[in-house]
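Peer 1: What follows is a single structure, and I will ask about it in a moment.
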Amino acid sequence: MTLQLCGSLLRARSVAAICSPLQHRFASSSAEEYSHVIVGAGSAGCVLANRLSEDGSKRVLLLEAGPRDYSWTIHMPAALMYPLGGTKYNWGYHTTPQKHMNNRIMYCPRGKVWGGSSSINAMCYVRGNALDLDRWEKEGAEGWAYANCLPYFKKSESFELGGDAYRGDSGPLHVSRGKTGNPLFKAFIEAGQQAGYSKTSDMNGFQQEGFGYMDFTVHKGVRWSTANAYLRDAMKRPNLKVESKTLATKVLFDGNRAVGVEYQQSGVKKTARSSSEVILSGGAINSPQLLLLSGVGNADELKKLGIPIVHHLPGVGENLQDHLEFYVQQACTQPITLYKAQWKFPHVMIKIGLQWFLTQKGWGATPHMEAGGFVRSRPGVEHPDIQYHFLPSVVKDHGQIPGDCHAFQLHVGAMRPTSRGSIKLKSPDPTESPLIDFNYLSTDIDRWEARQSIRLARELFEQKAFDPFRGGEILPGSDVTSDEELDEFTRRAGDSAYHPSCTCKMGKETDPMAVVNNKTEVIGMSGLRVVDTSIMPSVTSGNTNAPTIMIAEKAADIIRGRQPLDPIDVPVWRPETLETDR
């Protein structure tokens, strides 16, 4: 759909209309048969629905637990705090008490809407480091090294600055840079250089390490979720059906072969049959949950819940990883932050909203974290293990509580935690949320890296570039300096960066904890795959949405029996020495 039409519909104040698909072309039925049944219309599921339905001989059903994405709160980039903090488009999960975080029960938002978490996230497009993917191959994901995956990153992407050896220019996923020009972004990048780090022109290209401008999945002022990028055009095809507000309750089996999915919709139990494959794309929480509910997982634990065992696969739900982040906040001496972009200043908010509705420009057209950085925490580390997102504002409680003065903040945290958690069933009831235990900060090195990330962030704010803007420290507070004080702050104030992953990890069939093989097939089963963030062997060094989309692009070729795209061998920046961290 053209942006002109998009703009006119927005001016009519009907954001729902930007995305109105063609009517579904199937009569309703509780037991129709499809070649492929995909569970989850999220970051991976929308990609798969598009690519698999390119083959007109296949009939594809896409099941989504949430509603359509017809809300301005989703499509306006700056409004991300509304779907992130609400429950209409969000599973709104919470963890079990976190032992090493003062027993806090912590918030874990996950998208429950067309586009999944790509419809409620901060839109940061970060591929991770090339060595992350090379590590995957060493961990058993044969054929998933950086050279194998780069072609699929490029295939998916249309980068507004143009394509090159690293970036794509003709894919459905539009990627852009922020355009507000706030001087604090320039100050942050200069501060990184003054602290001895390098500047990078492209964190997703030759050089991840350093400080520079962030990429976003935003297209002409509108969030470009996978629903926008992949699903809408695909819904014009007569061989794709999408069902919303459906809760998948179990995978159906004939022996060890998946033959369909049982789901609930509007209080009615329904069945969708698959002649070829069932593909789980519910993400790192919902995909292992559905496997466990279906009798695929640790047999001993399933027996305790009275769930009939289909296949003993002890790795299901294990190996849970996430990024934990902290806010380092500093008062700003100049009135150039987003402080007035809150409802205590209604005239400012109305102006921002009207400008976006009419033009898709201004403060409403960006998620505002337009600068960031990747650094190494210490000598000897081969590639960046700490990430910074810079925001010209301060927020609390996942963006639900605005700041009370002009200020700015860094979201800081370690990228390769060694803590491992799990997803387990609370009961056999599919409507009951699973037990989510990230086991944050359970290792000494994770606690050290948490302290170090904060200390390095403070060092950045002390640089000359911030002299015109620097007020007093708000968080953690200037009196929080010792290891013990920083440890208490990280336990009290740390929160999820929203990157749960790795709970159905890809690996060799000889690995007792692997759940899928390098073809994304569930080990020991037939007709069943998992394709989403859960199959990462280990979490990438950065935001996880971009690699999830890449995974789905690559998996689609595997599922269709197509030759993989030719590997692309390109140089990648490496530090001259590991004897220093910068």
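Each chain in the structure tokens gets a letter, A, B, ..., in the order shown, and its residues are numbered from 1; ligands are numbered from 1 in order too.
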Please tabulate, as a tab-separated table, the residues of region 360-447 of chain A that come within 12 Å of region 189-202 of chain A, each with its closest pair of atoms and the distance in Å to one decimal, counting only C-alpha atoms and ordering rows by chain, then residue number upward.
Peer 2:
residue	atom	partner	partner_atom	distance
A:Glu370	CA	A:Ile189	CA	10.6
A:Ala371	CA	A:Ile189	CA	7.2
A:Gly372	CA	A:Ile189	CA	7.7
A:Gly373	CA	A:Gly192	CA	8.0
A:Phe374	CA	A:Tyr197	CA	9.4
A:Val375	CA	A:Tyr197	CA	7.7
A:Arg376	CA	A:Tyr197	CA	9.7
A:Ser377	CA	A:Tyr197	CA	11.8
A:Pro384	CA	A:Tyr197	CA	11.5
A:Tyr388	CA	A:Gly192	CA	10.6
A:His389	CA	A:Ile189	CA	11.2
A:Phe390	CA	A:Ile189	CA	9.6
Peer 1: Take the residues that were just selected and, keeping N, CA and C atoms, output them as an mmCIF file, in the first residue's frame.
Peer 2:
data_model
loop_
_atom_site.group_PDB
_atom_site.id
_atom_site.type_symbol
_atom_site.label_atom_id
_atom_site.label_comp_id
_atom_site.auth_asym_id
_atom_site.auth_seq_id
_atom_site.Cartn_x
_atom_site.Cartn_y
_atom_site.Cartn_z
ATOM 1 N N GLU A 370 18.353 7.100 19.175
ATOM 2 C CA GLU A 370 18.955 7.229 17.865
ATOM 3 C C GLU A 370 20.468 7.066 17.857
ATOM 4 N N ALA A 371 21.081 6.936 19.019
ATOM 5 C CA ALA A 371 22.525 6.687 19.098
ATOM 6 C C ALA A 371 22.776 5.564 20.089
ATOM 7 N N GLY A 372 23.844 4.842 19.860
ATOM 8 C CA GLY A 372 24.177 3.724 20.742
ATOM 9 C C GLY A 372 25.637 3.360 20.630
ATOM 10 N N GLY A 373 25.991 2.301 21.318
ATOM 11 C CA GLY A 373 27.385 1.880 21.283
ATOM 12 C C GLY A 373 27.561 0.441 21.713
ATOM 13 N N PHE A 374 28.663 -0.135 21.256
ATOM 14 C CA PHE A 374 29.057 -1.495 21.625
ATOM 15 C C PHE A 374 30.523 -1.464 22.027
ATOM 16 N N VAL A 375 30.824 -1.937 23.238
ATOM 17 C CA VAL A 375 32.198 -1.915 23.727
ATOM 18 C C VAL A 375 32.543 -3.256 24.363
ATOM 19 N N ARG A 376 33.851 -3.443 24.566
ATOM 20 C CA ARG A 376 34.327 -4.630 25.272
ATOM 21 C C ARG A 376 34.583 -4.269 26.732
ATOM 22 N N SER A 377 34.148 -5.129 27.615
ATOM 23 C CA SER A 377 34.174 -4.812 29.046
ATOM 24 C C SER A 377 35.568 -4.839 29.638
ATOM 25 N N PRO A 384 32.512 -7.036 21.187
ATOM 26 C CA PRO A 384 31.759 -6.300 22.209
ATOM 27 C C PRO A 384 30.811 -7.170 23.025
ATOM 28 N N TYR A 388 25.073 -0.119 24.664
ATOM 29 C CA TYR A 388 24.452 1.101 25.159
ATOM 30 C C TYR A 388 23.360 1.560 24.202
ATOM 31 N N HIS A 389 22.210 1.911 24.752
ATOM 32 C CA HIS A 389 21.185 2.663 24.032
ATOM 33 C C HIS A 389 21.091 4.021 24.723
ATOM 34 N N PHE A 390 21.257 5.095 23.963
ATOM 35 C CA PHE A 390 21.171 6.432 24.548
ATOM 36 C C PHE A 390 19.797 7.029 24.272
#
Peer 1: Find the residues around Glu32 (chain A) up to 8 Å (only C-alpha atoms counted), leave out those fewer than 5 positions away in its own chain, and share them as a list in words.
Peer 2: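 Residues meeting the cut-off are Thr271, Ala272 and Arg273 of chain A.
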Peer 1: Go ahead and write the selection's residues with C-alpha atoms as a PDB file, in the first residue's frame.
Peer 2:
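The result, stored in result14.pdb:
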ATOM      1  CA  THR A 271      -8.578 -28.436  14.781  1.00  0.00           C
ATOM      2  CA  ALA A 272      -6.333 -27.573  11.844  1.00  0.00           C
ATOM      3  CA  ARG A 273      -4.787 -30.514  10.006  1.00  0.00           C
TER       4      ARG A 273
END
Peer 1: What residues in region 232-331 of chain A get the DSSP label helix (DSSP H, G or I)? Please answer as a ChimeraX atom specification.
Peer 2: /A:232-234,283-293,299-304
Peer 1: Using only C-alpha atoms, find each residue in region 283-375 of chain A having at least one atom no more than 12 Å away from region 160-180 of chain A; report its shortest atom-to-atom pair and that distance in Å (one decimal), rows by chain then rising number, as a tab-separated table.
Peer 2:
residue	atom	partner	partner_atom	distance
A:Ile336	CA	A:Thr180	CA	11.3
A:Thr337	CA	A:Thr180	CA	11.3
A:Leu338	CA	A:Thr180	CA	11.3
A:Lys361	CA	A:Lys179	CA	9.3
A:Gly362	CA	A:Thr180	CA	7.3
A:Trp363	CA	A:Thr180	CA	7.2
A:Gly364	CA	A:Thr180	CA	10.2
A:Ala365	CA	A:Gly178	CA	8.7
A:Thr366	CA	A:Gly178	CA	6.3
A:Pro367	CA	A:Gly178	CA	8.1
A:His368	CA	A:Gly178	CA	7.1
A:Met369	CA	A:Gly178	CA	8.1
A:Glu370	CA	A:Gly178	CA	5.3
A:Ala371	CA	A:Gly178	CA	8.5
A:Gly372	CA	A:Gly178	CA	11.7
Peer 1: Using C-alpha atoms, can you write the selected residues to a file as an mmCIF file, in the first residue's frame?
Peer 2:
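Result file is selection_33.cif:
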data_model
loop_
_atom_site.group_PDB
_atom_site.id
_atom_site.type_symbol
_atom_site.label_atom_id
_atom_site.label_comp_id
_atom_site.auth_asym_id
_atom_site.auth_seq_id
_atom_site.Cartn_x
_atom_site.Cartn_y
_atom_site.Cartn_z
ATOM 1 C CA ILE A 336 16.554 19.904 24.952
ATOM 2 C CA THR A 337 15.297 16.547 26.197
ATOM 3 C CA LEU A 338 11.924 14.832 25.841
ATOM 4 C CA LYS A 361 7.002 13.221 11.013
ATOM 5 C CA GLY A 362 8.313 14.869 14.168
ATOM 6 C CA TRP A 363 8.796 13.465 17.654
ATOM 7 C CA GLY A 364 6.106 10.852 17.081
ATOM 8 C CA ALA A 365 7.973 9.314 14.140
ATOM 9 C CA THR A 366 10.957 7.880 16.022
ATOM 10 C CA PRO A 367 11.613 5.635 19.036
ATOM 11 C CA HIS A 368 14.230 8.252 20.016
ATOM 12 C CA MET A 369 17.130 5.924 20.914
ATOM 13 C CA GLU A 370 18.955 7.229 17.865
ATOM 14 C CA ALA A 371 22.525 6.687 19.098
ATOM 15 C CA GLY A 372 24.177 3.724 20.742
#
Peer 1: Find the spatial neighbours of Leu63 (chain A), counting only C-alpha atoms, within a cut-off of 9 Å - ignore same-chain residues fewer than 6 positions away - and output them as number ranges by chain.
Peer 2: A: 37-41, 45, 241-248, 263
Peer 1: Can I get the selected residues back with C-alpha atoms, as a PDB file, in the first residue's frame?
Peer 2:
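And here is the file that came out, result-v1.pdb:
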ATOM      1  CA  VAL A  37       0.179 -24.746   9.949  1.00  0.00           C
ATOM      2  CA  ILE A  38       2.215 -21.956  11.536  1.00  0.00           C
ATOM      3  CA  VAL A  39       1.592 -21.114  15.193  1.00  0.00           C
ATOM      4  CA  GLY A  40       2.400 -17.487  15.924  1.00  0.00           C
ATOM      5  CA  ALA A  41       2.131 -14.447  13.620  1.00  0.00           C
ATOM      6  CA  GLY A  45       5.735 -16.394  11.715  1.00  0.00           C
ATOM      7  CA  LYS A 241      -5.348 -17.903   5.712  1.00  0.00           C
ATOM      8  CA  VAL A 242      -4.746 -15.966   8.918  1.00  0.00           C
ATOM      9  CA  GLU A 243      -6.778 -16.585  12.054  1.00  0.00           C
ATOM     10  CA  SER A 244      -6.547 -14.115  14.959  1.00  0.00           C
ATOM     11  CA  LYS A 245      -7.442 -14.490  18.641  1.00  0.00           C
ATOM     12  CA  THR A 246      -6.689 -18.206  18.581  1.00  0.00           C
ATOM     13  CA  LEU A 247      -4.994 -20.020  21.457  1.00  0.00           C
ATOM     14  CA  ALA A 248      -3.070 -23.089  20.327  1.00  0.00           C
ATOM     15  CA  TYR A 263      -6.733 -24.478  19.196  1.00  0.00           C
TER      16      TYR A 263
END
Peer 1: Can you check which residues of region 215-306 of chain A DSSP gives as strand (DSSP E) on the backbone and send them as number ranges by chain?
Peer 2: A: 215-216, 218-219, 222-223, 240-243, 246-254, 257-265, 268-280, 296-297
Peer 1: Can you tell me, as a PyMOL selection string, what residues are no more than 12 Å from region 153-157 of chain A when counting only C-alpha atoms, ignoring any on the same chain fewer than 4 positions away?
Peer 2: chain A and resi 43-44+47-48+50-51+125-128+130+146-149+161-176+204-205+215-219+224+226+229-230+545-554+556-557+564-568
Peer 1: By how many Å are CA of Asp397 (chain A) and CA of His411 (chain A) apart?
Peer 2: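 So the answer is 12.9 Å.
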Peer 1: Can you pull out the residues contacting Thr577 (chain A)? Cut-off 10 Å, using only C-alpha atoms, and skip same-chain residues under 5 positions away; I want them as a list in words.
Peer 2: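 These residues fall inside the cut-off: Pro379, Gly380, Glu382 and Arg582 of chain A.
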